[in-house]
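Trainee: Before we start, here is the structure in question, set down as structure tokens.
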Amino acid sequence: MNYENRLNAAIDYAIDSHYDIWNRQNKVWSEIKAHKYICLFGTGKFYRDLVGHIYTDRFEYVGDNDPKKIGTYIDGRKCLSPIEIEQMKDDIAVIIMVKNYDAVHRQLSEMGIHCYTIGECVLNTYDRHYDDSWFMKKRSEIISTIQLFSDELSKEIYVECICNRVAPQLASKKFYELQQPGEYFASDVFEINDSHQEFLVDCGAYIGDSIDDFVRVTNGNYGAVYAFELDEKIFNILKERTQGYQNIEYYNYGVSDEYSEFEYNYIQGTKSRRAKVDAIDNILTGKRVTYIKMDVETYELKALEGAKTIITMQQPKLCISAYHYLSDLWEVPQKIKRLVPAYKLYLRHHSPCVWDTDCYAYVEE
């Protein structure tokens with residue numbers, strides 16, 4: 001089945017099922033939280049990277065197959081063996097925190113343990129339930145976007161990501177099979193200059209982990225980094241962590257299409273915080289920019305609009321998150337192409353679940 005036929009089939013399924021896959025995450029969390037105990041199974045790198053992003057207010061245990069970890073305490077929780085979990089199976093639900101989860105899921109399921117993959121738990125974190133008419137209206141847009149991408153791998157990732165999110169039974173590959181290393185600065189799409197010529201705009205700089213990667217890839221030889229972080233507490237950590245690097249300019253702003261101030265909750269149920277956003281064009285007027293990296297929690301399209309002068313005039317390399325909303329998968333590349341038709345577009349996926357699908361763009365010299 002070719003790409004167009006597969007997308008048509010996925011859209012047909014979304015319409016026929018009234019986009020029921022969207023309800024899967026809510027059903028999973030209801031089932032998990034109905035149990036007396038929650039256990040996160042797998043305590044390696046994947047667990048460490050994602051434990052803060054699982055959207056649960058509690059988990060009482062961790063679990064692992066590694067005999068050296070069983071019986072120890074990790075993050076204050078006792079590490080259980082599969083046998084111990086099996087003995088509690090009527091009271092416990094397991095979230096599998098392993099990248100290649102198939103074998104673990106099969107192992108625990110055959111033991112009668114209620115288990116779920118992290119991917120099931122975060123499938124529609126930001127999205128909304130689109131109705132049948134929305135899919136019908138978007139069909140031609142979804143399909144035509146395939147032709148915007150410059151290589152076959154991008155087209156494959158585009159189709160597989162949509163299928164996984166809309167009609168998983170039509171996906172040929174799961175998210176972890178699409179995952180590639182090197183997000184932002186070491187992908188296979190373009191090279192980063194290490195001769196003091198790169199000027200990075202880091203939108204969603206967080207605590208500076210992406211700046212760490214940028215400094216490493218450039219061997220510390222770069223022009224400047226313009227680091228944007230909306231949350232004040234995280235912004236202060238960012239400054240402290242990266243103070244040893246040269247030529248970093250810090251902005252305690254989010255990025256959007258215009259200036260505004262608002263209150264938000266960083267974590268549901270906590271005290272609201274005040275924040276500011278502004279257009280990149282407003283803040284970086286007159287600055288040289290060679291690369292824009294953007295992961296700004298659903299603000300990508302507005303932020304691109306707010307950077308249109310810099311993008312059209314300087315044509316920097318781009319890496320823009322395209323996964324927060326299902327529609328980002330096609331609207332982000334469409335937006336980039338409208339701003340600069342000469343951009344070559346690529347899609348890469350960098351996580352074992354729905355997160356971190358990025359649209360890369362550059363203009364060939």
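A note on labels: chains of the structure tokens are A, B, ... as shown, every chain counts residues from 1, and ligands are counted from 1 in their shown order.
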What are the closest atom pairs, with distances in Å to one decimal, for each residue of segment 167-198 of chain A lying within 12 Å of segment 133-153 of chain A, using only C-alpha atoms, rows by chain and rising residue number, as CSV?
Mentor:
```
residue,atom,partner,partner_atom,distance
A:Leu178,CA,A:Leu153,CA,9.6
A:Gln179,CA,A:Leu153,CA,11.7
A:Gln180,CA,A:Leu153,CA,11.3
A:Asp188,CA,A:Leu153,CA,10.9
A:Val189,CA,A:Asp151,CA,9.9
```
Trainee: Kindly assemble as CSV a list of the segment 220-338 of chain A residues that lie within 10 Å of segment 202-212 of chain A, each paired with its nearest atom pair and their distance in Å to one decimal, using only C-alpha atoms, sorted first by chain and then by ascending residue number.
Mentor:
```
residue,atom,partner,partner_atom,distance
A:Gly220,CA,A:Asp212,CA,9.6
A:Val225,CA,A:Asp202,CA,7.0
A:Tyr226,CA,A:Asp202,CA,6.0
A:Ala227,CA,A:Asp202,CA,4.9
A:Phe228,CA,A:Cys203,CA,5.0
A:Glu229,CA,A:Gly204,CA,5.2
A:Leu230,CA,A:Gly204,CA,7.4
A:Asp231,CA,A:Tyr206,CA,8.4
A:Lys233,CA,A:Ile207,CA,9.7
A:Ile234,CA,A:Ile207,CA,6.1
A:Phe235,CA,A:Ile207,CA,7.0
A:Asn236,CA,A:Ile207,CA,8.4
A:Ile237,CA,A:Ile207,CA,5.8
A:Leu238,CA,A:Ile207,CA,4.1
A:Lys239,CA,A:Ile207,CA,7.9
A:Glu240,CA,A:Ile207,CA,8.8
A:Arg241,CA,A:Gly208,CA,6.8
A:Thr242,CA,A:Gly208,CA,6.4
A:Tyr245,CA,A:Asp212,CA,9.0
A:Ile248,CA,A:Ile211,CA,9.4
A:Tyr250,CA,A:Ala205,CA,9.5
A:Tyr251,CA,A:Cys203,CA,9.6
A:Tyr253,CA,A:Cys203,CA,9.1
A:Gly254,CA,A:Gly204,CA,7.3
A:Val255,CA,A:Cys203,CA,7.0
A:Ile280,CA,A:Cys203,CA,9.2
A:Tyr291,CA,A:Asp202,CA,8.5
A:Ile292,CA,A:Asp202,CA,6.3
A:Lys293,CA,A:Asp202,CA,5.1
A:Met294,CA,A:Cys203,CA,4.7
A:Asp295,CA,A:Gly204,CA,5.4
A:Val296,CA,A:Gly204,CA,5.3
A:Glu297,CA,A:Gly204,CA,8.3
A:Glu300,CA,A:Cys203,CA,9.5
A:Ala303,CA,A:Cys203,CA,9.0
A:Cys319,CA,A:Asp202,CA,10.0
A:Ile320,CA,A:Cys203,CA,9.5
```
Trainee: Convert the current residue selection to file output with N, CA and C atoms, as a short mmCIF file (atom, residue, chain, number, x, y, z; two decimals), in the first residue's frame.
Mentor:
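As a result, out.cif now contains:
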```cif
data_model
loop_
_atom_site.label_atom_id
_atom_site.label_comp_id
_atom_site.auth_asym_id
_atom_site.auth_seq_id
_atom_site.Cartn_x
_atom_site.Cartn_y
_atom_site.Cartn_z
N GLY A 220 32.72 23.91 21.23
CA GLY A 220 32.81 25.20 21.91
C GLY A 220 33.10 26.36 21.00
N VAL A 225 24.69 31.99 21.56
CA VAL A 225 23.44 31.28 21.82
C VAL A 225 22.47 32.28 22.44
N TYR A 226 21.27 32.35 21.88
CA TYR A 226 20.19 33.17 22.44
C TYR A 226 19.20 32.19 23.07
N ALA A 227 19.22 32.11 24.40
CA ALA A 227 18.48 31.07 25.11
C ALA A 227 17.17 31.63 25.67
N PHE A 228 16.05 31.06 25.24
CA PHE A 228 14.72 31.48 25.68
C PHE A 228 14.12 30.40 26.58
N GLU A 229 13.71 30.79 27.78
CA GLU A 229 13.02 29.88 28.69
C GLU A 229 11.95 30.66 29.44
N LEU A 230 10.70 30.20 29.32
CA LEU A 230 9.55 30.91 29.87
C LEU A 230 9.45 30.84 31.38
N ASP A 231 9.68 29.67 31.96
CA ASP A 231 9.46 29.48 33.40
C ASP A 231 10.62 30.07 34.20
N LYS A 233 11.62 29.74 37.38
CA LYS A 233 12.42 28.83 38.19
C LYS A 233 13.38 28.02 37.33
N ILE A 234 12.87 27.51 36.23
CA ILE A 234 13.73 26.75 35.32
C ILE A 234 14.76 27.67 34.68
N PHE A 235 14.37 28.90 34.37
CA PHE A 235 15.28 29.89 33.79
C PHE A 235 16.49 30.11 34.70
N ASN A 236 16.26 30.20 36.00
CA ASN A 236 17.37 30.40 36.94
C ASN A 236 18.31 29.19 36.97
N ILE A 237 17.73 27.99 36.88
CA ILE A 237 18.56 26.78 36.80
C ILE A 237 19.37 26.79 35.51
N LEU A 238 18.72 27.18 34.41
CA LEU A 238 19.39 27.27 33.11
C LEU A 238 20.62 28.17 33.20
N LYS A 239 20.47 29.34 33.77
CA LYS A 239 21.59 30.29 33.87
C LYS A 239 22.71 29.72 34.73
N GLU A 240 22.34 29.09 35.85
CA GLU A 240 23.35 28.55 36.75
C GLU A 240 24.11 27.39 36.09
N ARG A 241 23.38 26.52 35.38
CA ARG A 241 24.02 25.35 34.77
C ARG A 241 24.95 25.71 33.62
N THR A 242 24.64 26.77 32.90
CA THR A 242 25.38 27.09 31.68
C THR A 242 26.29 28.30 31.83
N TYR A 245 29.71 28.59 30.02
CA TYR A 245 29.82 28.71 28.58
C TYR A 245 29.94 30.18 28.17
N ILE A 248 26.53 33.43 25.80
CA ILE A 248 25.13 33.03 25.97
C ILE A 248 24.33 34.26 26.37
N TYR A 250 20.59 35.37 27.67
CA TYR A 250 19.45 34.72 28.30
C TYR A 250 18.21 35.60 28.23
N TYR A 251 17.07 34.97 27.92
CA TYR A 251 15.80 35.69 27.85
C TYR A 251 14.74 34.89 28.59
N TYR A 253 11.71 34.58 28.57
CA TYR A 253 10.52 34.74 27.75
C TYR A 253 10.19 33.41 27.09
N GLY A 254 8.90 33.20 26.83
CA GLY A 254 8.50 32.23 25.84
C GLY A 254 8.46 32.94 24.51
N VAL A 255 8.28 32.17 23.42
CA VAL A 255 8.23 32.78 22.09
C VAL A 255 6.84 32.58 21.48
N ILE A 280 10.26 36.49 18.36
CA ILE A 280 11.72 36.46 18.19
C ILE A 280 12.18 37.69 17.41
N TYR A 291 20.70 29.34 13.14
CA TYR A 291 19.98 28.11 13.50
C TYR A 291 18.91 28.47 14.52
N ILE A 292 17.69 28.00 14.28
CA ILE A 292 16.61 28.12 15.26
C ILE A 292 16.15 26.72 15.65
N LYS A 293 16.27 26.41 16.93
CA LYS A 293 15.73 25.16 17.50
C LYS A 293 14.53 25.54 18.35
N MET A 294 13.42 24.81 18.17
CA MET A 294 12.17 25.22 18.81
C MET A 294 11.39 24.01 19.32
N ASP A 295 11.21 23.97 20.65
CA ASP A 295 10.32 22.99 21.29
C ASP A 295 9.59 23.76 22.37
N VAL A 296 8.44 24.32 22.03
CA VAL A 296 7.79 25.33 22.88
C VAL A 296 6.34 24.98 23.21
N GLU A 297 6.08 23.69 23.39
CA GLU A 297 4.84 23.23 24.00
C GLU A 297 3.58 23.80 23.34
N GLU A 300 4.61 26.46 18.55
CA GLU A 300 5.52 26.46 17.41
C GLU A 300 5.02 27.31 16.24
N ALA A 303 5.19 30.93 17.09
CA ALA A 303 6.58 31.35 17.20
C ALA A 303 7.24 31.48 15.84
N CYS A 319 15.07 23.52 13.29
CA CYS A 319 14.59 22.25 13.83
C CYS A 319 13.39 22.59 14.72
N ILE A 320 12.19 22.27 14.24
CA ILE A 320 10.96 22.70 14.87
C ILE A 320 10.15 21.48 15.30
#
```
Trainee: List every residue of segment 146-270 of chain A that DSSP, applied to the backbone, labels as helix (DSSP H, G or I), and write the result as a count of residues only.
Mentor: 44
Trainee: Would you list the contacts of Ala224 of chain A as a VMD selection string, taking every protein, DNA or RNA residue within 9 Å and counting only C-alpha atoms, but skipping same-chain residues closer than 4 positions in sequence?
Mentor: chain A and resid 196 to 201 246 to 249 288 to 289
Trainee: Rounded to one decimal, what separation in Å do you get between atom CA of Ile162 of chain A and atom CA of Leu329 of chain A?
Mentor: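 Computed distance, atom CA of Ile162 of chain A to atom CA of Leu329 of chain A, equals 7.9 Å.
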Trainee: Find the residues around Arg24 of chain A up to 10 Å (only C-alpha atoms counted), leave out those fewer than 6 positions away in its own chain, and share them as a ChimeraX atom specification.
Mentor: /A:30,120-124
Trainee: Nearest to Arg216 of chain A among A:Asp66, A:Asp132, A:Asp90, A:Asp194, with distances taken over only C-alpha atoms: which residue is it?
Mentor: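 Checking each candidate against Arg216 of chain A, we get A:Asp194 as the closest.
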Trainee: List as an mmCIF file with all heavy atoms, in the first residue's frame the protein and nucleic acid residues near segment 5-19 of chain A, meaning an atom at most 7 Å away when only C-alpha atoms are counted, but skip any in the same chain fewer than 4 places from it.
Mentor:
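Generated output (out-v4.cif):
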```cif
data_model
loop_
_atom_site.group_PDB
_atom_site.id
_atom_site.type_symbol
_atom_site.label_atom_id
_atom_site.label_comp_id
_atom_site.auth_asym_id
_atom_site.auth_seq_id
_atom_site.Cartn_x
_atom_site.Cartn_y
_atom_site.Cartn_z
ATOM 1 N N MET A 1 0.852 -1.192 0.000
ATOM 2 C CA MET A 1 0.000 0.000 0.000
ATOM 3 C C MET A 1 0.893 1.249 0.000
ATOM 4 O O MET A 1 1.780 1.378 0.845
ATOM 5 C CB MET A 1 -0.901 0.004 1.238
ATOM 6 C CG MET A 1 -1.942 1.131 1.240
ATOM 7 S SD MET A 1 -2.959 1.160 2.749
ATOM 8 C CE MET A 1 -3.841 -0.371 2.588
ATOM 9 N N TYR A 130 -10.701 15.335 17.825
ATOM 10 C CA TYR A 130 -11.187 15.904 16.569
ATOM 11 C C TYR A 130 -12.385 15.106 16.081
ATOM 12 O O TYR A 130 -12.405 13.879 16.153
ATOM 13 C CB TYR A 130 -10.079 15.865 15.519
ATOM 14 C CG TYR A 130 -8.803 16.532 15.965
ATOM 15 C CD1 TYR A 130 -7.649 15.788 16.203
ATOM 16 C CD2 TYR A 130 -8.750 17.909 16.179
ATOM 17 C CE1 TYR A 130 -6.474 16.396 16.620
ATOM 18 C CE2 TYR A 130 -7.586 18.522 16.591
ATOM 19 C CZ TYR A 130 -6.455 17.770 16.814
ATOM 20 O OH TYR A 130 -5.295 18.375 17.243
ATOM 21 N N ASP A 131 -13.393 15.806 15.555
ATOM 22 C CA ASP A 131 -14.593 15.101 15.106
ATOM 23 C C ASP A 131 -14.429 14.632 13.654
ATOM 24 O O ASP A 131 -13.428 14.922 12.986
ATOM 25 C CB ASP A 131 -15.841 15.966 15.282
ATOM 26 C CG ASP A 131 -15.807 17.260 14.468
ATOM 27 O OD1 ASP A 131 -15.061 17.348 13.475
ATOM 28 O OD2 ASP A 131 -16.547 18.192 14.843
ATOM 29 N N ASP A 132 -15.435 13.905 13.183
ATOM 30 C CA ASP A 132 -15.355 13.301 11.847
ATOM 31 C C ASP A 132 -15.186 14.352 10.753
ATOM 32 O O ASP A 132 -14.421 14.168 9.806
ATOM 33 C CB ASP A 132 -16.622 12.484 11.569
ATOM 34 C CG ASP A 132 -16.803 11.343 12.557
ATOM 35 O OD1 ASP A 132 -15.876 11.086 13.349
ATOM 36 O OD2 ASP A 132 -17.881 10.714 12.548
ATOM 37 N N PHE A 135 -11.529 15.542 10.246
ATOM 38 C CA PHE A 135 -10.703 14.650 9.439
ATOM 39 C C PHE A 135 -11.081 14.723 7.964
ATOM 40 O O PHE A 135 -10.196 14.690 7.090
ATOM 41 C CB PHE A 135 -10.811 13.217 9.954
ATOM 42 C CG PHE A 135 -9.968 12.939 11.160
ATOM 43 C CD1 PHE A 135 -10.529 12.930 12.429
ATOM 44 C CD2 PHE A 135 -8.609 12.702 11.034
ATOM 45 C CE1 PHE A 135 -9.750 12.677 13.549
ATOM 46 C CE2 PHE A 135 -7.821 12.453 12.146
ATOM 47 C CZ PHE A 135 -8.395 12.440 13.407
ATOM 48 N N ILE A 143 -2.630 14.587 3.018
ATOM 49 C CA ILE A 143 -2.022 13.791 1.952
ATOM 50 C C ILE A 143 -1.051 14.608 1.110
ATOM 51 O O ILE A 143 0.049 14.149 0.779
ATOM 52 C CB ILE A 143 -3.123 13.147 1.089
ATOM 53 C CG1 ILE A 143 -3.886 12.116 1.928
ATOM 54 C CG2 ILE A 143 -2.532 12.499 -0.166
ATOM 55 C CD1 ILE A 143 -5.120 11.573 1.281
ATOM 56 N N VAL A 159 4.117 9.274 7.506
ATOM 57 C CA VAL A 159 2.983 8.347 7.406
ATOM 58 C C VAL A 159 2.887 7.474 8.654
ATOM 59 O O VAL A 159 1.798 7.270 9.210
ATOM 60 C CB VAL A 159 3.117 7.477 6.135
ATOM 61 C CG1 VAL A 159 2.039 6.397 6.109
ATOM 62 C CG2 VAL A 159 3.011 8.352 4.884
ATOM 63 N N CYS A 163 -0.230 7.267 11.299
ATOM 64 C CA CYS A 163 -0.900 5.981 11.524
ATOM 65 C C CYS A 163 -0.848 5.580 12.993
ATOM 66 O O CYS A 163 -1.858 5.156 13.569
ATOM 67 C CB CYS A 163 -0.273 4.895 10.657
ATOM 68 S SG CYS A 163 -0.698 5.008 8.903
ATOM 69 N N VAL A 166 -3.416 7.685 14.849
ATOM 70 C CA VAL A 166 -4.814 7.672 14.402
ATOM 71 C C VAL A 166 -5.355 6.254 14.231
ATOM 72 O O VAL A 166 -6.482 5.951 14.630
ATOM 73 C CB VAL A 166 -4.940 8.461 13.073
ATOM 74 C CG1 VAL A 166 -6.313 8.272 12.456
ATOM 75 C CG2 VAL A 166 -4.664 9.941 13.303
ATOM 76 N N ALA A 167 -4.539 5.385 13.655
ATOM 77 C CA ALA A 167 -4.969 4.012 13.359
ATOM 78 C C ALA A 167 -3.778 3.078 13.527
ATOM 79 O O ALA A 167 -3.160 2.653 12.549
ATOM 80 C CB ALA A 167 -5.516 3.935 11.929
ATOM 81 N N LEU A 170 -2.648 0.114 11.361
ATOM 82 C CA LEU A 170 -2.150 0.351 10.009
ATOM 83 C C LEU A 170 -0.681 0.753 9.986
ATOM 84 O O LEU A 170 -0.102 0.912 8.911
ATOM 85 C CB LEU A 170 -2.987 1.438 9.323
ATOM 86 C CG LEU A 170 -4.472 1.114 9.112
ATOM 87 C CD1 LEU A 170 -5.186 2.291 8.476
ATOM 88 C CD2 LEU A 170 -4.642 -0.136 8.266
#
```
